[in-house]
Amino acid sequence: MFDAATIRKDFPILDREVNGKPLIYVDSASTTQKPTAVIDAVSDYYRTLNANVHRGAYRLADEATTAYEAARSKVAGLIGAPAAEVAFTRGTTTGINHIAIGWALRRLKAGDRILLTILEHHSNIVPWQLVAQLTGAELVYLDIDDDFEIDITQLEDKLDESVKIVSVTGMSNVTGTVGPVAALAEAAHAVGAIVVVDGAQLVPQSPVDVGQLGADFLVFSSHKMLGPTGIGAMWGRSELLEEMDPAEGGGEMISDVQLYESRWAPVPQKFEAGTPPIAQAIGFGAAVDYLQQLGMDDVRTHEAEITAYALERLADVPDVVVYGPSDPAKRGGAVSFQLADIHAHDLATIHDEEVGVAVRAGHHCAKPLMRYLHVPATARASFYVYNTPDDVEVLVAGLLRARELFGLA
Amino acid sequence: MAIEELYREIILDHYRNPRRRGSLDGDHIHAEGQNPSCGDEFSIDIAVVDGEIVDAAIQGQGCSISQASGSMMADAIVGKSLPEIKVLARNFKIMMSIEEGDDPVDPDRPGSVLGDLESLRGVKKFPVRIKCADLPWVTLEDAVEQLP
């Protein structure tokens with residue numbers, strides 16, 4: 001039985017206060033809090049297992065390697081992939097850069113196109129701009145419709161054989177929109193393009209099976225799904241991972257090094273140059289265990305329920321405008337909004353000071369989307385497994401207080 | 001620290017009715033500034049004759065603190081000589097704890113009176129917002145540096 005009020009007891013930070021008020025954390029799209037199980041896994045690694053991985057003939061190194069590889073299996077298992085198709089990265093951003101540099105940069109040329117959407121996070125825009133600058137390829141964007149859904153009717157004009165890569169968010173960190181991955185993948189594959197899915201928000205909030213997703217690559221971050229920062233994962237279809245070049249060279253990623261050339265280690269080590277973040281990988285594995293115990297279907301149901309409640313309560317506050325799909329079944333737990341003429345930063349300060357709510361304000365690393373929506377910034381509340389309807393009530397109380405302070409009450 | 005000290009009526013008035021909003025037509029210097037972390041934007045035109053700012057116009061978008069600070073600043077600098085503006089900027093930055101020093105510097109010196117800007121004093125209790133109040137001043141410095 002999924003019960004957020006019980007779950008939150010596993011998160012020690014939620015016991016602390018801000019300005020003498022209990023911390024209400026609604027910025028999980030940015031980073032999530034960590035349960036004791038993850039904190040202990042990281043700490044236990046340093047207390048009992050610390051050694052470098054894939055080296056060293058002694059027992060400790062072997063145990064560390066086993067724990068690191070077990071974490072890989074857990075992460076792979078969460079998305080229905082074989083461990084051999086999952087490389088650890090520093091996070092979603094690094095994963096996209098691996099694909100941009102290791103695959104796209106060596107294959108694209110002038111006249112080729114990369115299809116993105118206006119919803120993308122900077123991490124799914126800037127790496128492709130780098131590729132475009134170096135290859136002469138062109139970036140093309142799908143817009144969104146009036147209900148903030150990606151407008152796939154534009155595929156007719158924007159998708160043809162010149163498109164080599166379609167890279168799309170699985171779930172927007174600003175609007176909560178769920179990317180139409182299956183439809184995009186079918187259309188993209190029909191013209192020979194590969195499909196990259198930014199899973200930074202999707203994987204933490206939904207059951208994902210790469211066998212059914214339709215994507216060729218899926219990248220995501222540990223810290224947005226209860227795990228440590230500095231670690232993430234890149235899944236790719238094995239033939240693509242085989243043909244791809246490494247974006248980074250160094251130790252751990254080679255099978256042999258000569259003076260003037262080297263041979264790469266097999267996938268996925270080929271993509272893991274240098275000593276990896278071992279403790280973080282093990283913590284990532286513990287986070288996956290924790291989520292699996294909750295059950296990803298139940299996590300998704302909770303997200304939809306708490307988001308539906310938030311949308312309902314926000315609609316009760318005069319002058320609130322929400323930027324995202326109206327149907328909670330079609331969206332994730334990031335709710336972006338504005339209140340009258342009160343700037344999002346002012347809302348964030350008032351929430352912090354007056355009701356202890358950590359709510360995000362700004363462009364959410366999606367400046368092209370902000371310009372598209374004609375807003376300088378939005379406030380964003382984003383919910384996760386530990387948020388309860390009470391948290392939504394405190395958020396709303398903060399909005400009413402902001403109305404008072406700005407003379408709107 | 002009560003939040004009312006941050007969101008004082010005069011600040012909200014400058015936010016909602018910014019003074020000297022627009023752009024200058026004649027000879028002027030233009031500068032733009034932004035806080036990349038939050039996206040706040042501010043730009044200023046100043047007309048300088050014989051070392052005195054004779055006119056100013058501002059544009060921008062952002063939070064109440066950055067935009068009110070810009071509006072108050074635009075009003076405060078017109079009619080002042082460049083040395084006076086230096087004193088004004090220094091006193092403002094000392095008030096906001098951006099620069100070290102005793103507050104106020106030389107109260108009898110021309111340019112040292114903060115006027116409406118005094119109302120932003122409460123911002124320094126909110127460290128993450130100090131850069132909001134400072135944005136127009138950084139932009140003004142850019143403009144002044146462009147002077148021949």
# chains A, B, ... in the order shown; residues from 1 in each chain; ligands from 1
>>> interface_residues(of="chain A", to="chain B", cutoff="7 Å", atoms="only C-alpha atoms", output="list of chain:residue names")
A:His343, A:His345, A:Asp346, A:Gly362, A:His363, A:Pro376, A:Leu405
>>> write_last_selection(atoms="N, CA and C atoms", output="PDB file, in the first residue's frame")
ATOM      1  N   HIS A 343       6.319  38.193  -9.809  1.00  0.00           N
ATOM      2  CA  HIS A 343       7.378  37.423 -10.454  1.00  0.00           C
ATOM      3  C   HIS A 343       7.682  36.156  -9.652  1.00  0.00           C
ATOM      4  N   HIS A 345      10.361  34.736  -8.806  1.00  0.00           N
ATOM      5  CA  HIS A 345      11.384  34.820  -7.745  1.00  0.00           C
ATOM      6  C   HIS A 345      10.806  35.391  -6.467  1.00  0.00           C
ATOM      7  N   ASP A 346       9.885  36.321  -6.637  1.00  0.00           N
ATOM      8  CA  ASP A 346       9.233  36.873  -5.453  1.00  0.00           C
ATOM      9  C   ASP A 346       8.369  35.801  -4.786  1.00  0.00           C
ATOM     10  N   GLY A 362      12.187  30.477 -12.048  1.00  0.00           N
ATOM     11  CA  GLY A 362      13.183  30.800 -13.057  1.00  0.00           C
ATOM     12  C   GLY A 362      12.823  30.222 -14.404  1.00  0.00           C
ATOM     13  N   HIS A 363      13.865  29.945 -15.197  1.00  0.00           N
ATOM     14  CA  HIS A 363      13.609  29.447 -16.553  1.00  0.00           C
ATOM     15  C   HIS A 363      13.742  27.926 -16.636  1.00  0.00           C
ATOM     16  N   PRO A 376       8.901  35.446 -18.747  1.00  0.00           N
ATOM     17  CA  PRO A 376      10.311  35.575 -18.372  1.00  0.00           C
ATOM     18  C   PRO A 376      10.738  34.434 -17.448  1.00  0.00           C
ATOM     19  N   LEU A 405       0.723  40.257   0.299  1.00  0.00           N
ATOM     20  CA  LEU A 405       1.898  41.132   0.306  1.00  0.00           C
ATOM     21  C   LEU A 405       1.930  42.038  -0.924  1.00  0.00           C
TER      22      LEU A 405
END
>>> select_by_dssp(residues="chain B", states="strand (DSSP E or B)", output="list in words")
Arg21, Ile29, His30, Ala31, Glu32, Gly33, Gln34, Asn35, Asp40, Glu41, Phe42, Ser43, Ile44, Asp45, Ile46, Ala47, Val48, Val49, Glu52, Ile53, Val54, Asp55, Ala56, Ala57, Ile58, Gln59, Gly60, Gln61 and Ser81 of chain B
>>> atom_distance(atom1="atom CA of A:Ile125", atom2="atom CA of A:Leu369")
11.2 Å
>>> atom_distance(atom1="atom CA of B:Ile10", atom2="atom CA of A:Glu354")
20.7 Å
>>> residues_around(residues="A:Val320", least_positions_apart="2", cutoff="6 Å", atoms="only C-alpha atoms", output="NGL selection string")
:A and (318 or 338-339)
>>> write_last_selection(atoms="C-alpha atoms", output="PDB file, in the first residue's frame")
ATOM      1  CA  PRO A 318      -7.352  33.754  -8.212  1.00  0.00           C
ATOM      2  CA  GLN A 338       2.423  32.254 -12.555  1.00  0.00           C
ATOM      3  CA  LEU A 339       0.371  34.275 -10.087  1.00  0.00           C
TER       4      LEU A 339
END
>>> closest_residue(among="A:Ala358, A:Leu226, A:Ile306, A:Leu78", to="A:Gly283", atoms="only C-alpha atoms")
A:Leu226
>>> atom_distance(atom1="atom CA of A:Leu23", atom2="atom CA of A:Ala402")
18.2 Å
>>> closest_residue(among="A:Phe88, A:Tyr141, A:Tyr323, A:Phe148", to="A:Met234", atoms="only C-alpha atoms")
A:Phe88
>>> select_by_dssp(residues="chain B", states="helix (DSSP H, G or I)", output="MDAnalysis selection string")
chainID B and resid 3:5 9:16 64:77 82:95 115:125 127:145
>>> residues_around(residues="A:Asp297", least_positions_apart="2", cutoff="9 Å", atoms="only C-alpha atoms", output="list in words")
Gln205, Ser206, Pro207, Leu294, Gly295, Val299, Arg300, Thr301 and His302 of chain A
>>> write_last_selection(atoms="C-alpha atoms", output="mmCIF file, in the first residue's frame")
data_model
loop_
_atom_site.group_PDB
_atom_site.id
_atom_site.type_symbol
_atom_site.label_atom_id
_atom_site.label_comp_id
_atom_site.auth_asym_id
_atom_site.auth_seq_id
_atom_site.Cartn_x
_atom_site.Cartn_y
_atom_site.Cartn_z
ATOM 1 C CA GLN A 205 8.088 8.887 -12.383
ATOM 2 C CA SER A 206 6.927 6.086 -14.662
ATOM 3 C CA PRO A 207 7.444 2.411 -15.365
ATOM 4 C CA LEU A 294 7.417 0.991 -3.817
ATOM 5 C CA GLY A 295 6.553 -0.257 -7.296
ATOM 6 C CA VAL A 299 4.803 5.722 -8.051
ATOM 7 C CA ARG A 300 3.148 6.789 -11.304
ATOM 8 C CA THR A 301 -0.330 6.591 -9.755
ATOM 9 C CA HIS A 302 0.803 8.718 -6.816
#
